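A.B. asks: Dumping the structure here so I can ask a few things about it.
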Amino acid sequence: MSDQFHEPTDIVEEAAGAPLTAAQQRVHARQAKAEARKAKAQARRAKWGPQSTEDLSEEEKAEIEAGEAARLASDSWDGVAPGKADDFKGSFLRMIGLLAPYKVAMIVVTLMGAASVVLAVWAPRVLGRATDVIFTGFFTRNIPAGLTQDQVVAGMRAAGQDRVADMVAAMSNFVPGAGIDFDRLRGFAVTVLIIYVAAALLGWAQGFITNIVMVKAMWRLREDVEAKINRLPLAYFDRVQRGELISRVTNDIDNITQTMQQSLSGAITAVLTLVGVLVMMFSLSWQLALITLATLPLMGVLFGVIGPKSQKAFSIQWRKVGRLNARVEESFSGHALVKTFGRRKDFEAKFAAENEELYQQSFRAQFLANIMWPAMSFIGNISFIAIAVIGGLFVAGGTMTLGAIQAFIQYSQMFSQPLQQIGGMVAVVQSGTASAERVFALLDVDEQEPDAVDAPAPVDGEGVIEFRNVKFSYSPDKPLIEDLSFTVRPGQTVAIVGHTGAGKTTLVNLLMRFYDPQGGHILVDGQDIGELTRHDARARTGMVLQDTWLFAGTIRENIRYGRQDATDEEILQAAQATYVDRFVHSLPHGYDTELEEDAANLSAGERQLITIARAFVSQPSILILDEATSSVDTRTEKLLQHAMASLRSGRTSFVIAHRLSTIRDADLILVMAHGAIVEQGTHEELLAAGGAYAELYQSQFTGAFDTEELDDEGESEESVSV
Amino acid sequence: MQYVGQILGGVLMATFMTIMIPRAAVSAERIGAVLAVETSLHEPESPVASMPTPGTIEFDDVTFTYPGAEAPILGGVSFRVEPGQTVAVVGSTGAGKTTLLGLVARLTDVSDGTVRVGGVDVRDLELETLWASLGLVPQRPFLFAGTVGSNVRLGKEDATDEEVWNALEIAQGREFVAEMEGGLSARISQGGTNVSGGQRQRLAIARAVLRRPDILLLDDSFSALDVATDAKLRQALWRELPDVTKLVVAQRVTTVTDADAILVLDDGHLVGAGTHEELLATNQTYREIAESQLAVGVAGEAGA
């Protein structure tokens, strides 16, 4: 059970406040859509055979998971995540839909992008004109002034220089004897400069706005997910692995962000550039434009053949890395075992084999990736040569000016760039969509029943707790609690004992409304807690659990978590009563020592003491201690008992413990087995009854060694010498 | 234009490299540092491959200091365990219990003194021989990704299903394994996260039992079990493996009351050794530990 979601109940409840109903409706609509999508995806799967992860064996799934983890851990993005969305179109559109609230900004961005592209596409044309001016100027310098263009052409034809004549005929602003027209040249140069500056400014502004929008959209998505998690019933967290959930909240959202920022924003510019360049190329010379386009199928074939292979090779490579990492991790964690169980050679051999496989795969993946780009530039160069040669002929024939050719060559280079961009995006978008699908799946999960809007205020009572014919099970086919009734008077201490799986923690879950019973009622001070809001139902209850939950922060902050307005003095008192004070001073900064995440720098016992101190500070009217001192060593526990006794006095408390010593003086002991209470009474009564409790008690205190066994063992002589 | 583009590309590449090269250099240094560490456990030139007295453990004035630590974690510890005996080690956290077991298995070498297993200094023994005689159940029971069967068979790959079930029976794991889907071939995920802590411990014990070692090293191996299961498990271990020497690190005093001898460690020193009754009568530290756990029980029996 994920205690992380047990303790911060206050936060959970506040976040799941009023705007639930609207959200719920949205969720229902989404669910309907999601189901339709699922059906479609299934149909597709049936058509295309074993494609989805559901058809993979456990081992393969685990391997893919490990590979994914390795990829994420390595922080490297070449060879994009091998994830595939089940319903690409639906999830993709929904991902784009994340930007819907920023429609205006997106339209502005698109317009700016378009303007910037127009400018960028326009520039080569102007440069081409400048080239023409220079070329023409060189030409006219050697021709005597006073002649007209027609006269010069005619003169050249007469001299038999037809080709040059054609060229001259195609020139504009041909003024013989004028030389280079520097005024016009300056004009073009300034224009180009302005164009490039404007394009850069526009591009920068576009990137800036896009970034803001993306970051905001992702912020909102994270908020949604966070809010969603707070509305989810506890049952969901029991069902789903925590790591998986964390991965969705962090890695998947990161991946979506990457996709959005890297690809979607670039996509607009790329497509616009492509269109603009095409238009310009055709306007310059449709023949040359067709030659450029002819290389497209070649590039397409290259992408089509190598692309998928490379992608697959990368995904296999990641999987191998994952497996190797898992192997290494295992042999480090289980180091002593591997050695003492004589499996060193075996593990070495397995490692060597997997390392070899990884070597082969990396080689393949890198090889494929590396032949891709030379091949692409090879094709690019072929088209370059074709354009240069044919274009040269055109210039010579007078059908095009030199400047036009120069501009065209620039365009043909600009042309392949957006194509490559778009090609590269495909994989990123695929993986991002797969991530988006996982996040959306989380957002679509059924939520807990919302609290009634007209929930009554909790009555102020002394804490009488009554279970009345409670019926509950986690799954319908495994009945757990069938018909449970008992009453606890205020101030009583109730101990719950029983074997693992007997349903002890379930009682706590019901009392805290982490789960709702399927039948019967739980009354606190005569009020059904099912009618209260969850916040109210939990507000007066303090819990100390076996699995401690401490957050990254100082020890003082962690204790104060029990009650935010507690004074330092109160915290110190609580710490002293719970023996936190005793070990705190050996820590580097006393109460201000920063705890690591999961408080790994403290021992399990020390962590438990801090959570007890926290309960001490919060002063709840009902107290639940679930194996609260299980990791505290027995000497300290003995000392702690006074503190626990004073903590329990005056409040109704539930104690769950393996160690019966902790619960001997409880007012009421409930002995549970298979979800039912099989015995109840005080310690003395139950011992006298000689039932299940007596048996449990005997096993604990006399040990399992009855006298005959001791005799057997007693034969071997004492031989310890110090 | 083209040349300018190429130059720009080159400059970009160079900037990229100025970022990447230091990163790679740091990584390379770190890997180099790992590779440069000399292994501190050297197998002897001519290792002893047989033990004259299998099942015995002898500590002769053993001191162990962690590298870099100021104070030794074990100081001048001496004791001897005969084959088939059950010897418990108690003491509070940080007293050096786990270190003591590690020295028996020669996972680390003593700083001073001698550890003999089977009558031979562990530093002279062939490691494989030493390890083959041990069944180690570490404090954190570790399971490998695979199946229940492959995990239990870790130390004895050719064990029959029947042997495996038998070992599980002793380790009180038969019931839950039988309930798992697939039984022995039920999947265990990496680190054994799909079984509970108590189940992990029982599988780890079954793994050690299956080897039928001369010496069983149990490092607080019952902590996640409920008291009744703990008791049954110990009963079965003691009954089914009477000839096996058992060195048991324990938290609960009930686990050790019946041991042939109890070693009380405090701050790295052996402050007492003897049976439960003897220690209760003579040893202050032991009495404190025992009282903290048993006092209520004794009172309870009086009250009942």
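Quick note on naming: the chains in the structure tokens go A, B, ... in the order shown, residues restart at 1 in each chain, and ligands are numbered from 1 in order of appearance.
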If the cut-off is 7 Å, can you tell me the residues of chain B near chain A, counting only C-alpha atoms? I'd like them as a VMD selection string.
C.D. replies: chain B and resid 78 to 81 85 107 128 131 to 132 134 142 144 154 to 155 226 to 228 231 to 232 235 254 to 255 258 260 to 261 273 to 274 289 292 to 293 296 to 297 304
A.B. asks: For C-alpha atoms, I'd like the residues from the last selection saved as a PDB file, in the first residue's frame.
C.D. replies:
ATOM      1  CA  SER B  78      36.958 -14.752  20.114  1.00  0.00           C
ATOM      2  CA  PHE B  79      34.584 -17.697  20.193  1.00  0.00           C
ATOM      3  CA  ARG B  80      34.181 -21.183  18.822  1.00  0.00           C
ATOM      4  CA  VAL B  81      31.141 -22.968  17.429  1.00  0.00           C
ATOM      5  CA  GLN B  85      25.259 -26.009  17.289  1.00  0.00           C
ATOM      6  CA  LEU B 107      33.099 -11.179   2.091  1.00  0.00           C
ATOM      7  CA  GLU B 128      34.693 -21.937  -3.747  1.00  0.00           C
ATOM      8  CA  TRP B 131      31.337 -20.717  -0.037  1.00  0.00           C
ATOM      9  CA  ALA B 132      30.087 -24.173  -0.949  1.00  0.00           C
ATOM     10  CA  LEU B 134      27.802 -21.945   3.574  1.00  0.00           C
ATOM     11  CA  PHE B 142      17.522 -10.473  -2.436  1.00  0.00           C
ATOM     12  CA  PHE B 144      16.829 -12.267  -8.827  1.00  0.00           C
ATOM     13  CA  LEU B 154      20.478 -20.512  -6.993  1.00  0.00           C
ATOM     14  CA  GLY B 155      22.884 -22.604  -4.986  1.00  0.00           C
ATOM     15  CA  ASP B 226       4.733 -12.769  12.000  1.00  0.00           C
ATOM     16  CA  VAL B 227       5.520 -14.411  15.282  1.00  0.00           C
ATOM     17  CA  ALA B 228       3.696 -17.649  14.638  1.00  0.00           C
ATOM     18  CA  ALA B 231       8.259 -19.887  15.432  1.00  0.00           C
ATOM     19  CA  LYS B 232       7.197 -22.599  13.005  1.00  0.00           C
ATOM     20  CA  GLN B 235      11.147 -25.261  14.700  1.00  0.00           C
ATOM     21  CA  THR B 254      12.498 -15.252  21.677  1.00  0.00           C
ATOM     22  CA  THR B 255      14.410 -16.334  18.601  1.00  0.00           C
ATOM     23  CA  ASP B 258      16.833 -21.932  23.070  1.00  0.00           C
ATOM     24  CA  ASP B 260      23.112 -23.481  22.507  1.00  0.00           C
ATOM     25  CA  ALA B 261      24.936 -20.270  23.079  1.00  0.00           C
ATOM     26  CA  ALA B 273      28.441 -15.526  25.961  1.00  0.00           C
ATOM     27  CA  GLY B 274      26.359 -18.330  27.331  1.00  0.00           C
ATOM     28  CA  ILE B 289      17.702  -6.413  25.913  1.00  0.00           C
ATOM     29  CA  SER B 292      12.708  -4.871  27.097  1.00  0.00           C
ATOM     30  CA  GLN B 293      11.132  -7.679  25.133  1.00  0.00           C
ATOM     31  CA  VAL B 296       5.584  -7.821  29.669  1.00  0.00           C
ATOM     32  CA  GLY B 297       5.433 -11.449  28.731  1.00  0.00           C
ATOM     33  CA  ALA B 304      -2.929 -15.039  33.395  1.00  0.00           C
TER      34      ALA B 304
END
A.B. asks: Need the shell around Gly76 of chain B: protein/DNA/RNA residues with any atom at most 6 Å away, counting only C-alpha atoms. Skip same-chain ones fewer than 2 positions apart. Format as a ChimeraX atom specification?
C.D. replies: /B:61-63
A.B. asks: Give me the residues within 9 Å of segment 198-212 of chain B as number ranges by chain, counting only C-alpha atoms and dropping any in the same chain fewer than 3 places off.
C.D. replies: A: 341; B: 132-143, 148, 151-156, 159, 163-173, 176-177, 192-193, 195, 215-218, 221-226, 233, 237, 241, 244
A.B. asks: Step one, run DSSP on the backbone; step two, keep only residues of segment 159-253 of chain B assigned to strand (DSSP E or B); then write them as a PyMOL selection string.
C.D. replies: chain B and resi 187-188+215-219+245-249
A.B. asks: Using only C-alpha atoms, pick whichever of B:Thr257, B:Thr98, B:Thr147, B:Thr56 has the shortest atom-to-atom distance to Leu74 of chain B.
C.D. replies: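 Smallest separation from Leu74 of chain B among the options: B:Thr98.
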A.B. asks: Excluding segment 563-566 of chain A and residues on its chain fewer than 2 positions from it, collect all residues at most 12 Å away from it, counting only C-alpha atoms, and give them as a PyMOL selection string.
C.D. replies: chain A and resi 8+10+539-540+542+556-561+568-574+613-620
A.B. asks: Can those selected residues be exported to a file as a PDB file, in the first residue's frame so that it contains N, CA and C atoms?
C.D. replies:
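Produced file out_4.pdb, reproduced below:
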ATOM      1  N   PRO A   8      -0.763  12.400   3.667  1.00  0.00           N
ATOM      2  CA  PRO A   8      -1.117  13.795   3.387  1.00  0.00           C
ATOM      3  C   PRO A   8      -2.584  13.943   3.023  1.00  0.00           C
ATOM      4  N   ASP A  10      -4.906  15.726   4.212  1.00  0.00           N
ATOM      5  CA  ASP A  10      -5.450  17.068   4.152  1.00  0.00           C
ATOM      6  C   ASP A  10      -5.316  17.661   2.766  1.00  0.00           C
ATOM      7  N   ALA A 539     -10.147  14.313   9.425  1.00  0.00           N
ATOM      8  CA  ALA A 539      -9.484  15.421  10.095  1.00  0.00           C
ATOM      9  C   ALA A 539      -9.157  15.117  11.550  1.00  0.00           C
ATOM     10  N   ARG A 540     -10.030  14.342  12.215  1.00  0.00           N
ATOM     11  CA  ARG A 540      -9.783  14.163  13.645  1.00  0.00           C
ATOM     12  C   ARG A 540      -8.964  12.910  13.934  1.00  0.00           C
ATOM     13  N   GLY A 542      -5.416  10.738  13.634  1.00  0.00           N
ATOM     14  CA  GLY A 542      -3.987  10.775  13.365  1.00  0.00           C
ATOM     15  C   GLY A 542      -3.493   9.363  13.155  1.00  0.00           C
ATOM     16  N   ARG A 556      12.570  19.246  11.785  1.00  0.00           N
ATOM     17  CA  ARG A 556      11.567  20.112  12.403  1.00  0.00           C
ATOM     18  C   ARG A 556      10.335  20.227  11.508  1.00  0.00           C
ATOM     19  N   GLU A 557      10.556  20.449  10.231  1.00  0.00           N
ATOM     20  CA  GLU A 557       9.426  20.568   9.299  1.00  0.00           C
ATOM     21  C   GLU A 557       8.615  19.285   9.248  1.00  0.00           C
ATOM     22  N   ASN A 558       9.312  18.170   9.311  1.00  0.00           N
ATOM     23  CA  ASN A 558       8.624  16.897   9.249  1.00  0.00           C
ATOM     24  C   ASN A 558       7.757  16.665  10.474  1.00  0.00           C
ATOM     25  N   ILE A 559       8.235  17.099  11.614  1.00  0.00           N
ATOM     26  CA  ILE A 559       7.415  16.944  12.819  1.00  0.00           C
ATOM     27  C   ILE A 559       6.246  17.919  12.766  1.00  0.00           C
ATOM     28  N   ARG A 560       6.516  19.133  12.310  1.00  0.00           N
ATOM     29  CA  ARG A 560       5.469  20.152  12.271  1.00  0.00           C
ATOM     30  C   ARG A 560       4.361  19.787  11.291  1.00  0.00           C
ATOM     31  N   TYR A 561       4.639  18.861  10.408  1.00  0.00           N
ATOM     32  CA  TYR A 561       3.632  18.439   9.431  1.00  0.00           C
ATOM     33  C   TYR A 561       2.345  18.000  10.125  1.00  0.00           C
ATOM     34  N   ASP A 568       7.812  25.959  18.108  1.00  0.00           N
ATOM     35  CA  ASP A 568       9.057  25.214  18.263  1.00  0.00           C
ATOM     36  C   ASP A 568       9.090  24.512  19.615  1.00  0.00           C
ATOM     37  N   GLU A 569       8.507  25.183  20.594  1.00  0.00           N
ATOM     38  CA  GLU A 569       8.469  24.623  21.950  1.00  0.00           C
ATOM     39  C   GLU A 569       7.687  23.303  21.952  1.00  0.00           C
ATOM     40  N   GLU A 570       6.521  23.311  21.302  1.00  0.00           N
ATOM     41  CA  GLU A 570       5.686  22.104  21.237  1.00  0.00           C
ATOM     42  C   GLU A 570       6.411  20.987  20.502  1.00  0.00           C
ATOM     43  N   ILE A 571       7.116  21.374  19.456  1.00  0.00           N
ATOM     44  CA  ILE A 571       7.841  20.380  18.674  1.00  0.00           C
ATOM     45  C   ILE A 571       8.929  19.747  19.535  1.00  0.00           C
ATOM     46  N   LEU A 572       9.602  20.590  20.295  1.00  0.00           N
ATOM     47  CA  LEU A 572      10.665  20.076  21.152  1.00  0.00           C
ATOM     48  C   LEU A 572      10.089  19.109  22.182  1.00  0.00           C
ATOM     49  N   GLN A 573       8.940  19.494  22.766  1.00  0.00           N
ATOM     50  CA  GLN A 573       8.311  18.611  23.750  1.00  0.00           C
ATOM     51  C   GLN A 573       7.962  17.260  23.128  1.00  0.00           C
ATOM     52  N   ALA A 574       7.350  17.319  21.955  1.00  0.00           N
ATOM     53  CA  ALA A 574       6.964  16.079  21.277  1.00  0.00           C
ATOM     54  C   ALA A 574       8.202  15.230  21.003  1.00  0.00           C
ATOM     55  N   ALA A 613       6.393  11.380  16.720  1.00  0.00           N
ATOM     56  CA  ALA A 613       6.460  12.758  17.198  1.00  0.00           C
ATOM     57  C   ALA A 613       5.464  13.624  16.441  1.00  0.00           C
ATOM     58  N   ARG A 614       5.318  13.352  15.196  1.00  0.00           N
ATOM     59  CA  ARG A 614       4.395  14.112  14.359  1.00  0.00           C
ATOM     60  C   ARG A 614       2.946  13.931  14.858  1.00  0.00           C
ATOM     61  N   ALA A 615       2.602  12.670  15.150  1.00  0.00           N
ATOM     62  CA  ALA A 615       1.263  12.394  15.669  1.00  0.00           C
ATOM     63  C   ALA A 615       1.077  13.094  17.013  1.00  0.00           C
ATOM     64  N   PHE A 616       2.148  13.123  17.780  1.00  0.00           N
ATOM     65  CA  PHE A 616       2.131  13.767  19.079  1.00  0.00           C
ATOM     66  C   PHE A 616       1.770  15.231  18.941  1.00  0.00           C
ATOM     67  N   VAL A 617       2.345  15.873  17.954  1.00  0.00           N
ATOM     68  CA  VAL A 617       2.116  17.293  17.740  1.00  0.00           C
ATOM     69  C   VAL A 617       0.689  17.543  17.275  1.00  0.00           C
ATOM     70  N   SER A 618       0.143  16.622  16.489  1.00  0.00           N
ATOM     71  CA  SER A 618      -1.150  16.915  15.860  1.00  0.00           C
ATOM     72  C   SER A 618      -2.314  16.740  16.820  1.00  0.00           C
ATOM     73  N   GLN A 619      -2.139  16.013  17.910  1.00  0.00           N
ATOM     74  CA  GLN A 619      -3.181  15.879  18.931  1.00  0.00           C
ATOM     75  C   GLN A 619      -4.555  15.545  18.363  1.00  0.00           C
ATOM     76  N   PRO A 620      -4.695  14.449  17.669  1.00  0.00           N
ATOM     77  CA  PRO A 620      -5.991  14.092  17.095  1.00  0.00           C
ATOM     78  C   PRO A 620      -6.899  13.456  18.155  1.00  0.00           C
TER      79      PRO A 620
END
A.B. asks: What is the atom CA of Ala158 of chain A-atom CA of Phe174 of chain A distance in Å, reported with one decimal?
C.D. replies: 19.1 Å
A.B. asks: Rank B:Thr86, B:Ser185, B:Thr99, B:Thr245 by their smallest atom-to-atom distance to Thr53 of chain B, using only C-alpha atoms, and report the top residue only.
C.D. replies: B:Thr245
A.B. asks: Mind the document's chain letters and residue numbers, and return as a PyMOL selection string the residues of segment 77-233 of chain B that DSSP labels alpha helix (DSSP H).
C.D. replies: chain B and resi 97-104+127-132+148-152+161-170+174-179+197-210+227-233
A.B. asks: To one decimal place in Å, what is the distance between atom CA of Gly503 of chain A and atom CA of Pro450 of chain A?
C.D. replies: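 These atoms are spaced 26.0 Å apart.
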A.B. asks: Within 7 Å of Ala259 of chain B, counting only C-alpha atoms, which residues qualify if same-chain residues fewer than 3 places away don't, as an mmCIF file with C-alpha atoms, in the first residue's frame?
C.D. replies:
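This went into around-v1.cif:
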data_model
loop_
_atom_site.group_PDB
_atom_site.id
_atom_site.type_symbol
_atom_site.label_atom_id
_atom_site.label_comp_id
_atom_site.auth_asym_id
_atom_site.auth_seq_id
_atom_site.Cartn_x
_atom_site.Cartn_y
_atom_site.Cartn_z
ATOM 1 C CA THR B 86 22.919 -23.092 17.142
ATOM 2 C CA VAL B 87 24.621 -19.894 18.136
ATOM 3 C CA ALA B 88 22.802 -16.607 18.280
ATOM 4 C CA VAL B 256 17.457 -17.071 20.681
ATOM 5 C CA ILE B 262 24.225 -16.604 22.730
ATOM 6 C CA THR B 275 22.862 -19.710 27.370
#
A.B. asks: Near segment 44-51 of chain B, within 6 Å and counting only C-alpha atoms, which residues show up once chain neighbours fewer than 4 positions away are dropped, as a PyMOL selection string?
C.D. replies: chain B and resi 118+124-126+129
A.B. asks: Would you export the selected residues with N, CA and C atoms as a short mmCIF file (atom, residue, chain, number, x, y, z; two decimals), in the first residue's frame, please?
C.D. replies:
data_model
loop_
_atom_site.label_atom_id
_atom_site.label_comp_id
_atom_site.auth_asym_id
_atom_site.auth_seq_id
_atom_site.Cartn_x
_atom_site.Cartn_y
_atom_site.Cartn_z
N GLY B 118 35.70 -24.59 9.45
CA GLY B 118 36.06 -25.99 9.19
C GLY B 118 37.48 -26.28 9.61
N ASP B 124 43.22 -19.05 3.83
CA ASP B 124 43.95 -20.12 3.16
C ASP B 124 43.02 -21.02 2.36
N LEU B 125 41.74 -20.89 2.63
CA LEU B 125 40.78 -21.78 1.97
C LEU B 125 40.52 -21.35 0.54
N GLU B 126 40.24 -22.34 -0.27
CA GLU B 126 39.78 -22.03 -1.60
C GLU B 126 38.40 -21.38 -1.46
N THR B 129 35.41 -23.55 -2.07
CA THR B 129 35.19 -24.54 -1.03
C THR B 129 34.51 -23.90 0.16
#
A.B. asks: In Å, with one decimal, what is the gap from atom CA of Gly690 of chain A to atom CA of Gln546 of chain A?
C.D. replies: 29.3 Å
A.B. asks: Report as number ranges by chain all protein, DNA and RNA residues lying within 6 Å of segment 520-536 of chain A, evaluated on only C-alpha atoms, omitting residues in the same chain fewer than 5 positions from it.
C.D. replies: A: 13, 451, 455, 461, 463-470
A.B. asks: May I have the residues from that selection written out with N, CA and C atoms, as a CSV table (one decimal), in the first residue's frame?
C.D. replies:
chain,number,residue,atom,x,y,z
A,13,GLU,N,-7.6,16.1,0.2
A,13,GLU,CA,-9.0,16.5,0.3
A,13,GLU,C,-9.3,17.9,-0.2
A,451,ASP,N,-17.5,13.8,-2.8
A,451,ASP,CA,-18.1,14.0,-1.6
A,451,ASP,C,-19.5,14.7,-1.8
A,455,ALA,N,-22.8,17.7,2.5
A,455,ALA,CA,-22.4,16.9,3.6
A,455,ALA,C,-22.6,17.6,4.9
A,461,GLY,N,-18.0,15.2,19.1
A,461,GLY,CA,-18.2,14.1,20.1
A,461,GLY,C,-17.0,13.7,20.8
A,463,GLY,N,-15.7,10.7,20.5
A,463,GLY,CA,-15.0,9.7,19.7
A,463,GLY,C,-15.5,8.3,20.0
A,464,VAL,N,-16.8,8.1,20.0
A,464,VAL,CA,-17.4,6.8,20.1
A,464,VAL,C,-17.3,6.2,18.7
A,465,ILE,N,-16.8,5.0,18.5
A,465,ILE,CA,-16.7,4.5,17.2
A,465,ILE,C,-17.5,3.2,17.1
A,466,GLU,N,-18.4,3.1,16.1
A,466,GLU,CA,-19.2,1.9,16.0
A,466,GLU,C,-19.1,1.3,14.6
A,467,PHE,N,-18.8,0.1,14.5
A,467,PHE,CA,-18.9,-0.7,13.2
A,467,PHE,C,-20.2,-1.4,13.3
A,468,ARG,N,-21.1,-1.2,12.3
A,468,ARG,CA,-22.4,-1.9,12.4
A,468,ARG,C,-22.5,-2.7,11.1
A,469,ASN,N,-22.5,-4.0,11.3
A,469,ASN,CA,-22.7,-5.0,10.2
A,469,ASN,C,-21.9,-4.6,8.9
A,470,VAL,N,-20.7,-4.3,9.1
A,470,VAL,CA,-19.9,-3.8,8.0
A,470,VAL,C,-19.5,-5.0,7.1
